[in-house]
Amino acid sequence: MRKPRRQARFFWFTVFPTLLLVLFLVVYPTIKGFIMSFYDYTIFTFWNPHFVGLRNYKAIFSDEDFYQALWNTIVWVAGSVTFQFLLGFGLALLMWKPFKGRGIYAGLVFYPWAISGFAIGLVWSWLLNGTYGVVNDILLRLNIVEYPIHFLSDPDWAMFSVILINVWYGIPFFAIMILAALQSIPRSVIEAAKIDGAGPARRLFSIVIPYIKPVILSTLLLRVIWVMNFPDIIYGTTRGGPAGATDILPVYMINTVFYENDYSKAAATGVIVLGILLAYTVIYMKVTSFKELEL
Amino acid sequence: MKIAAKVIKLVLLSMYLIFAVFPVLWIFLTSIKPPYEVYTFPVKYLPSHISFENYKKLFTYSDFGKYFLNSVVVASLSSLISTFFAMLAGYSLSRSKEKKVYYIVLFLFFAQMIPAYLVMIPQYVMFSRFHLIDKLIGVIIVYSGIGASFSTIMARGFFARIPKELEEAAMIDGCNRWQALFKVIIPLILPGISAVFSFSFVNSWNEVFVASLFLNNSEKYTVPVALYSFISKAGVNWGFLSAGLVVALVPTIIIFAFAQKYIVEGLTQGATKF
Amino acid sequence: MRKSLVVAFLLAFVFFAFAETVLNMVEVFTWPERTKVLKDIIKKFEAEHSGVKINLISPPYETAYQKVYTMISTKQPLDIVEVGDWSLSSLAAMGGLENLEPYIKNWDSVKNFLPGLLDAARTYKNTAYLIPNAVYVKTLYIRSDVLAKYGIKEAPKTMLEMYGMARYITDPRKGQYGFNFRGKGFPTDFIDLVVTSFFDDIDPNNMYLTKDGKIIWSDPRAKLGLELYVRLFKDTAPKDAINWGFSEQVNSFSSGIAPILFQDPDTLGILRSNLPDSAFKTAPLPVGPSGKAYPHFGFSGFGIVSYSKHKDLAWEFIKFFHRPDNLAYWCKNYGVLPPDKTLYYNDPFFSSEKYTGWKYMFNHPEKYQFTKQPIWNKNWGKWNELQEKTMQKVLLGKMSVDEVLKEWTKFWEEAGLK
């Protein structure tokens with residue numbers, strides 16, 4: 001009888017600090033934010049807000065720009081994560097077999113992961129500038145294009161460009177994860193397949209991918225959540241423009257604060273984003289019958 | 001056939017290298033240009049001579065040394081706190097199969113989904129009540145909180161790989177649970193711990209929105225806030241900014257160089273199992 | 001009453017000779033060179049008032065307004081706050097600013113203010129909540145050296161002449177464009193200037209109304225104006241300009257890519273450090289087909305925070321700042337127009353050639369009728385967002401001029417303009 005109680009005490013003693021931190025710094029403010037979304041917290045009313053029910057939500061759902069931002073968010077997340085994944089996977093495969101200088105190579109190409117998203121936005125907005133940008137300069141000099149491409153100011157290019165930047169930023173994360181998973185595949189499994197006469201493509205699809213599937217699935221789940229909550233690059237380059245072409249929900253939310261000083265409408269947007277993510281996670285887990293949370 | 005494959009591989013790897021390195025290289029080249037060559041048009045790739053003028057200005061016109069120190073303090077303390085807590089919780093959560101564990105993990109997973117912008121204003125209001133605005137400790141606490149949930153999920157993945165028998169053996173040898181944890185288990189998953197630490201260090205080191213909202217006086221600025229303030233009404237001061245960015249990269253490069261192997265190992269171990 | 005307060009204050013100083021009083025102050029238009037000028041004045045103030053320290057907060061420019069709002073909302077220690085015209089109503093309406101009328105009553109310097117300026121600052125409930133420390137009026141900047149290459153020696157006098165000139169020199173293959181277009185980051189002033197120049201009956205108290213009370217956006221002349229504005233973009237500006245904010249404007253003017261620019265006087269300070277003096281000039285704003293143009297006073301100023309514990313000392317600083325020597329130092333080095341009209345006569349600096357544009361406009365009220373944007377309206381912030389976004393749609397051909405004008409009219413009908 002004494003032992004389990006001591007065990008329980010140990011359990012709570014170790015888990016408590018983290019729980020407290022998260023409750024206090026994340027959950028409590030989230031509840032506050034949730035409540036806030038039913039009030040009219042604007043700069044005019046900050047000291048005496050009053051309850052307005054669903055007004056903020058109604059305002060959002062009757063705003064055409066919201067639907068544009070919603071669609072953009074889907075494009076942004078799907079585009080970014082797909083290409084981050086495919087290219088990251090490719091890179092990991094190329095780096096799988098040891099070669100001379102692989103350590104240094106890894107250090108150089110994985111490094112973008114450690115730079116701040118905001119700084120990346122700024123740097124790339126300089127590189128991609130349509131008038132004096134470096135990328136255009138190179139394209140012009142190589143005679144690939146005749147006129148500079150307006151990467152960030154042409155609405156047909158803008159979403160492509162911000163996704164390109166995000167892909168550049170996100171490849172390392174996938175490559176790191178997948179590379180390490182590849183290295184955990186026992187040599188003997190691959191050798192056995194070789195002896196059986198399986199070519200590279202078959203080895204990839206029938207042995208490698210099934211083996212590292214858990215890593216792929218969990219990384220995809222995480223990345224979608226993070227990329228969706230990641231306005232830094234777009235904020236640092238186009239701020240949602242031109243004409244809303246790159247306006248994703250988190251940027252829509254920041255702009256609500258920035259232009260309208262309407263904190264409660266921004267909070268309502270945040271609640272909607274959270275709802276979308278929750279729904280996504282539940283569906284994802286159902287579809288992939290992903291049981292990692294069950295231990 | 002084999003040679004062709006090798007050549008293709010080499011070409012692909014080199015192409016990716018150029019793609020990955022170019023932006024950082026460009027910033028570095030800009031930072032060592034003399035200030036008047038920063039904006040030349042048409043673009044000039046190499047400086048006519050190497051100049052450290054931008055760096056000199058960075059440390060004399062702005063108090064960059066101070067900001068750097070603040071950032072070191074904030075990022076190390078906050079990631080130490082969240083890593084330590086994550087270590088404790090991650091261990092316990094990996095050792096029990098009760099229903100409550102499932103719910104706690106689910107809860108932590110949910111917590112790291114919450115958009116930072118939903119909580120920022122309520123956090124600010126709360127912190128202003130505790131007089132924690134414009135204090136480094138306030139930012140340290142926020143960062144620890146932001147990092148805690150994912151760090152715990154990650155740490156739990158590492159502990160799950162250590163067989164239970166190990167600490168049971170240690171406990172039979174007379175260790176209590178704490179001793180077993182710190183003397184036997186933790187040394188085994190140091191790679192994982194350093195991955196957790198590096199991960200939250202990098203995140204705290206780069207965070208700009210909370211810091212620029214919570215810190216007022218320039219003597220309290222962290223590096224990202226200082227970099228942000230080089231964008232004024234008059235535009236982006238690229239001479240300053242490029243030098244600042246290069247300096248800001250140093251700590252993460254050091255961490256990356258030392259811990260890269262562990263980060264790679266750790267991240268996968270952590271990710272395969274939530 | 002006030003005198004006795006000052007005496008009490010001085011006594012308090014003597015009494016607390018060793019206890020420093022700290023005034024917290026926040027600026028919003030952060031820019032390193034400007035911060036330095038402000039700090040110089042603060043140092044001087046501290047030297048003359050022993051025991052007083054002013055702690056200046058200079059948040060990064062882009063976040064500065066949000067910072068001020070959150071600081072005041074949560075009652076962070078703050079005494080003096082710099083407020084721009086566009087945020088004045090919000091801060092005053094929430095109760096964050098002290099009514100300054102009682103202070104102004106006993107202050108002589110206010111008589112020297114430019115006519116109409118204090119009036120413009122009484123945006124909210126006709127009460128002064130700030131004292132303007134800088135005046136911003138848009139004028140025309142031209143790169144005289146670049147234009148000379150094309151044989152153009154005079155600044156354009158009308159909007160149409162400007163369009164012709166800009167179009168004449170535009171040659172994308174050479175990287176040469178004409179009008180320095182503002183696509184993002186509050187392009188309101190630029191759109192308004194071009195459109196209103198087609199009117200001859202703008203209400204002097206409300207730029208968006210005609211004298212007989214009609215919303216200008218529903219008037220056929222607005223269509224002509226907006227069409228010209230779109231032409232300026234399509235025919236004389238790089239496509240990229242849809243993404244140009246202030247800094248891109250300054251950069252492309254400095255590099256000569258787009259040599260015809262509407263801007264505020266503080267641009268002068270930046271241009272002086274980027275360009276030789278002979279490379280650029282200012283000129284009065286081009287007038288429209290109506291023969292008129294409608295500039296307005298933009299301003300920023302210092303206010304006192306309503307919950308400040310050192311209001312009198314804060315006022316002391318504001319007065320100190322407005323002493324002619326300090327004000328002149330500020331305006332010269334920061335490059336804004338002084339709110340104090342005597343400086344224009346007494347200080348040779350402000351009669352230099354670079355101020356021609358503004359002087360001419362101030363002296364020709366028959367052509368340049370100053371008016372006010374409805375910045376007191378609660379929806380002003382929303383308006384900026386809407387106008388920027390819908391304007392971009394028009395420029396990209398995703399919306400027609402007629403549609404956008406309809407939407408703008410509807411917006412102001414619902415927001416109420418009076």
# chains A, B, ... in the order shown; residues from 1 in each chain; ligands from 1
>>> select_by_dssp(residues="segment 95-132 of chain B", states="helix (DSSP H, G or I)", output="count of residues only")
28
>>> interface_residues(of="chain A", to="chain C", cutoff="9 Å", atoms="only C-alpha atoms", output="PyMOL selection string")
chain A and resi 43-48+129-131+147+150-155+238+241-244+255-261
>>> closest_atom_pairs(of="chain C", to="chain B", cutoff="7 Å", atoms="only C-alpha atoms", output="JSON lines")
{"residue": "C:Phe29", "atom": "CA", "partner": "B:Lys233", "partner_atom": "CA", "distance": 6.6}
{"residue": "C:Thr30", "atom": "CA", "partner": "B:Ser232", "partner_atom": "CA", "distance": 6.0}
{"residue": "C:Trp31", "atom": "CA", "partner": "B:Ser232", "partner_atom": "CA", "distance": 5.0}
{"residue": "C:Ile57", "atom": "CA", "partner": "B:Asn217", "partner_atom": "CA", "distance": 5.3}
{"residue": "C:Pro59", "atom": "CA", "partner": "B:Asn216", "partner_atom": "CA", "distance": 6.7}
{"residue": "C:Pro60", "atom": "CA", "partner": "B:Ser229", "partner_atom": "CA", "distance": 4.1}
{"residue": "C:Tyr61", "atom": "CA", "partner": "B:Ser232", "partner_atom": "CA", "distance": 5.2}
{"residue": "C:Lys67", "atom": "CA", "partner": "B:Leu213", "partner_atom": "CA", "distance": 6.1}
{"residue": "C:Thr74", "atom": "CA", "partner": "B:Val125", "partner_atom": "CA", "distance": 6.3}
{"residue": "C:Ser247", "atom": "CA", "partner": "B:Gly235", "partner_atom": "CA", "distance": 4.2}
{"residue": "C:Ile270", "atom": "CA", "partner": "B:Ala234", "partner_atom": "CA", "distance": 6.8}
>>> write_last_selection(atoms="C-alpha atoms", output="PDB file, in the first residue's frame")
ATOM      1  CA  PHE C  29       8.548  57.228 -35.165  1.00  0.00           C
ATOM      2  CA  THR C  30      11.733  55.475 -34.173  1.00  0.00           C
ATOM      3  CA  TRP C  31      14.687  56.118 -36.414  1.00  0.00           C
ATOM      4  CA  ILE C  57      11.655  54.196 -24.739  1.00  0.00           C
ATOM      5  CA  PRO C  59      10.356  50.666 -29.662  1.00  0.00           C
ATOM      6  CA  PRO C  60      11.090  49.271 -33.130  1.00  0.00           C
ATOM      7  CA  TYR C  61       9.199  51.476 -35.576  1.00  0.00           C
ATOM      8  CA  LYS C  67       3.491  48.923 -27.936  1.00  0.00           C
ATOM      9  CA  THR C  74      -2.296  47.976 -18.973  1.00  0.00           C
ATOM     10  CA  SER C 247      11.447  52.708 -47.400  1.00  0.00           C
ATOM     11  CA  ILE C 270      16.972  60.890 -45.030  1.00  0.00           C
TER      12      ILE C 270
END
>>> atom_distance(atom1="atom CA of Val137 of chain C", atom2="atom CA of Leu100 of chain C")
24.0 Å
>>> select_by_dssp(residues="segment 15-238 of chain B", states="strand (DSSP E)", output="PyMOL selection string")
chain B and resi 231-232+235-236
>>> residues_around(residues="segment 112-117 of chain A", least_positions_apart="6", cutoff="7 Å", atoms="only C-alpha atoms", output="mmCIF file with C-alpha atoms, in the first residue's frame")
data_model
loop_
_atom_site.group_PDB
_atom_site.id
_atom_site.type_symbol
_atom_site.label_atom_id
_atom_site.label_comp_id
_atom_site.auth_asym_id
_atom_site.auth_seq_id
_atom_site.Cartn_x
_atom_site.Cartn_y
_atom_site.Cartn_z
ATOM 1 C CA TYR A 169 13.642 26.868 -44.435
ATOM 2 C CA GLY A 170 11.871 23.574 -43.773
ATOM 3 C CA PRO A 172 16.492 20.589 -43.131
ATOM 4 C CA PHE A 173 13.949 19.593 -40.510
ATOM 5 C CA ASP A 232 6.977 34.994 -39.651
ATOM 6 C CA ILE A 233 8.115 34.564 -43.257
ATOM 7 C CA VAL B 202 17.226 27.946 -30.951
ATOM 8 C CA ASN B 206 15.171 33.621 -32.463
ATOM 9 C CA THR B 252 23.428 28.718 -32.876
#
>>> residues_around(residues="segment 91-104 of chain A", least_positions_apart="2", cutoff="9 Å", atoms="only C-alpha atoms", output="PyMOL selection string")
(chain A and resi 86-89+106-109+171-172+174-180+182-183) or (chain B and resi 9-10+12-13+16+261)
>>> atom_distance(atom1="atom CA of Leu117 of chain C", atom2="atom CA of Ile42 of chain C")
24.7 Å
>>> residues_around(residues="Asp402 of chain C", least_positions_apart="3", cutoff="12 Å", atoms="only C-alpha atoms", output="compact mmCIF listing (two decimals) with N, CA and C atoms, in the first residue's frame")
# COMPACT_ATOMS: atom_id res chain seq x y z
N TRP C 217 -16.36 60.04 -52.89
CA TRP C 217 -16.15 58.81 -53.66
C TRP C 217 -17.32 58.49 -54.58
N SER C 218 -18.47 59.11 -54.32
CA SER C 218 -19.61 58.83 -55.18
C SER C 218 -19.70 59.86 -56.32
N ASP C 219 -18.77 60.79 -56.36
CA ASP C 219 -18.82 61.86 -57.35
C ASP C 219 -18.09 61.41 -58.62
N PRO C 220 -18.62 61.76 -59.80
CA PRO C 220 -17.95 61.33 -61.04
C PRO C 220 -16.51 61.82 -61.14
N ARG C 221 -16.21 62.93 -60.47
CA ARG C 221 -14.83 63.43 -60.56
C ARG C 221 -13.84 62.50 -59.86
N ALA C 222 -14.35 61.77 -58.83
CA ALA C 222 -13.48 60.81 -58.15
C ALA C 222 -13.03 59.72 -59.11
N LYS C 223 -13.93 59.38 -60.03
CA LYS C 223 -13.60 58.36 -60.99
C LYS C 223 -12.45 58.81 -61.90
N LEU C 224 -12.57 60.07 -62.36
CA LEU C 224 -11.50 60.60 -63.20
C LEU C 224 -10.18 60.59 -62.45
N GLY C 225 -10.24 61.02 -61.18
CA GLY C 225 -9.02 61.08 -60.37
C GLY C 225 -8.41 59.71 -60.16
N LEU C 226 -9.26 58.77 -59.84
CA LEU C 226 -8.75 57.44 -59.56
C LEU C 226 -8.21 56.77 -60.83
N GLU C 227 -8.84 57.10 -61.94
CA GLU C 227 -8.34 56.54 -63.20
C GLU C 227 -6.94 57.06 -63.50
N THR C 390 -8.23 47.04 -51.41
CA THR C 390 -9.06 47.15 -52.61
C THR C 390 -8.32 47.91 -53.71
N MET C 391 -7.53 48.90 -53.31
CA MET C 391 -6.76 49.64 -54.31
C MET C 391 -5.81 48.69 -55.03
N VAL C 394 -7.58 46.84 -57.62
CA VAL C 394 -7.80 47.62 -58.83
C VAL C 394 -6.53 47.68 -59.67
N LYS C 398 -8.13 43.28 -60.81
CA LYS C 398 -9.09 42.32 -60.28
C LYS C 398 -10.37 42.99 -59.82
N MET C 399 -10.42 44.29 -59.96
CA MET C 399 -11.59 45.04 -59.54
C MET C 399 -11.59 46.29 -60.42
N LEU C 405 -15.03 52.36 -56.14
CA LEU C 405 -15.63 53.60 -55.65
C LEU C 405 -16.96 53.33 -54.97
N LYS C 406 -17.69 52.36 -55.51
CA LYS C 406 -18.96 51.99 -54.90
C LYS C 406 -18.71 51.44 -53.49
N GLU C 407 -17.70 50.60 -53.39
CA GLU C 407 -17.40 50.00 -52.10
C GLU C 407 -16.95 51.06 -51.09
N TRP C 408 -16.13 51.98 -51.55
CA TRP C 408 -15.65 53.04 -50.65
C TRP C 408 -16.80 53.94 -50.21
N THR C 409 -17.68 54.25 -51.15
CA THR C 409 -18.84 55.07 -50.79
C THR C 409 -19.67 54.37 -49.73
>>> residues_around(residues="Thr82 of chain A", least_positions_apart="3", cutoff="12 Å", atoms="only C-alpha atoms", output="ChimeraX atom specification")
/A:74-79,85-89,163-164,166-167,170-171,174,216,219-221,223-224,227
>>> residues_around(residues="Ala314 of chain C", least_positions_apart="6", cutoff="10 Å", atoms="only C-alpha atoms", output="PyMOL selection string")
chain C and resi 23-25+54+79-81+302-305+308+320
>>> closest_residue(among="B:Ser149, B:Ile255, B:Phe201, B:Phe240", to="Lys33 of chain B", atoms="only C-alpha atoms")
B:Phe240
>>> closest_residue(among="A:Asp156, A:Asp247, A:Asp137, A:Glu146", to="chain B", atoms="only C-alpha atoms")
A:Asp137
>>> decode(residues="segment 323-396 of chain C", atoms="C-alpha atoms", output="CSV table (one decimal), in the first residue's frame")
chain,number,residue,atom,x,y,z
C,323,ARG,CA,11.5,76.6,-26.7
C,324,PRO,CA,12.6,78.0,-30.1
C,325,ASP,CA,16.2,76.9,-29.8
C,326,ASN,CA,15.3,73.3,-29.0
C,327,LEU,CA,12.5,73.2,-31.5
C,328,ALA,CA,14.8,74.5,-34.2
C,329,TYR,CA,17.4,72.0,-33.4
C,330,TRP,CA,14.8,69.2,-33.5
C,331,CYS,CA,13.3,70.3,-36.8
C,332,LYS,CA,16.6,70.9,-38.6
C,333,ASN,CA,18.2,67.6,-37.6
C,334,TYR,CA,15.1,65.5,-37.9
C,335,GLY,CA,14.0,67.4,-41.0
C,336,VAL,CA,10.4,68.2,-40.2
C,337,LEU,CA,8.5,71.5,-40.6
C,338,PRO,CA,8.4,73.5,-37.3
C,339,PRO,CA,5.0,73.9,-35.8
C,340,ASP,CA,6.2,77.4,-34.7
C,341,LYS,CA,5.7,79.9,-37.5
C,342,THR,CA,8.3,82.4,-36.2
C,343,LEU,CA,11.0,79.9,-37.0
C,344,TYR,CA,10.2,80.3,-40.7
C,345,TYR,CA,11.1,83.9,-40.6
C,346,ASN,CA,13.8,84.0,-37.9
C,347,ASP,CA,15.8,81.0,-38.9
C,348,PRO,CA,17.6,81.2,-42.2
C,349,PHE,CA,17.7,77.4,-42.4
C,350,PHE,CA,14.0,77.2,-43.1
C,351,SER,CA,14.1,79.8,-45.9
C,352,SER,CA,16.6,77.7,-47.8
C,353,GLU,CA,15.8,76.4,-51.3
C,354,LYS,CA,14.8,73.0,-50.0
C,355,TYR,CA,11.7,74.4,-48.4
C,356,THR,CA,10.4,76.1,-51.5
C,357,GLY,CA,7.6,73.5,-52.0
C,358,TRP,CA,6.0,74.0,-48.7
C,359,LYS,CA,6.4,77.8,-48.5
C,360,TYR,CA,4.7,78.2,-51.8
C,361,MET,CA,1.8,76.1,-50.7
C,362,PHE,CA,1.4,78.0,-47.4
C,363,ASN,CA,1.4,81.3,-49.3
C,364,HIS,CA,-1.1,80.3,-51.9
C,365,PRO,CA,-4.3,79.4,-50.1
C,366,GLU,CA,-6.3,80.0,-53.3
C,367,LYS,CA,-4.7,76.9,-54.9
C,368,TYR,CA,-3.7,74.9,-51.8
C,369,GLN,CA,-6.7,74.6,-49.6
C,370,PHE,CA,-5.8,72.7,-46.4
C,371,THR,CA,-8.4,70.2,-45.2
C,372,LYS,CA,-8.6,67.3,-42.8
C,373,GLN,CA,-8.9,63.6,-43.3
C,374,PRO,CA,-11.6,62.1,-41.0
C,375,ILE,CA,-9.1,60.6,-38.7
C,376,TRP,CA,-11.4,61.1,-35.7
C,377,ASN,CA,-13.7,58.4,-37.1
C,378,LYS,CA,-13.6,55.1,-35.3
C,379,ASN,CA,-13.3,53.3,-38.5
C,380,TRP,CA,-10.3,55.1,-39.8
C,381,GLY,CA,-8.0,52.2,-39.1
C,382,LYS,CA,-10.3,49.8,-40.9
C,383,TRP,CA,-10.5,52.3,-43.8
C,384,ASN,CA,-6.8,52.2,-44.3
C,385,GLU,CA,-6.8,48.4,-44.4
C,386,LEU,CA,-9.8,48.4,-46.8
C,387,GLN,CA,-8.5,51.1,-49.1
C,388,GLU,CA,-5.0,49.6,-49.3
C,389,LYS,CA,-6.4,46.1,-50.2
C,390,THR,CA,-9.1,47.2,-52.6
C,391,MET,CA,-6.8,49.6,-54.3
C,392,GLN,CA,-4.3,46.8,-54.9
C,393,LYS,CA,-7.0,44.8,-56.4
C,394,VAL,CA,-7.8,47.6,-58.8
C,395,LEU,CA,-4.2,48.0,-59.7
C,396,LEU,CA,-4.0,44.3,-60.5
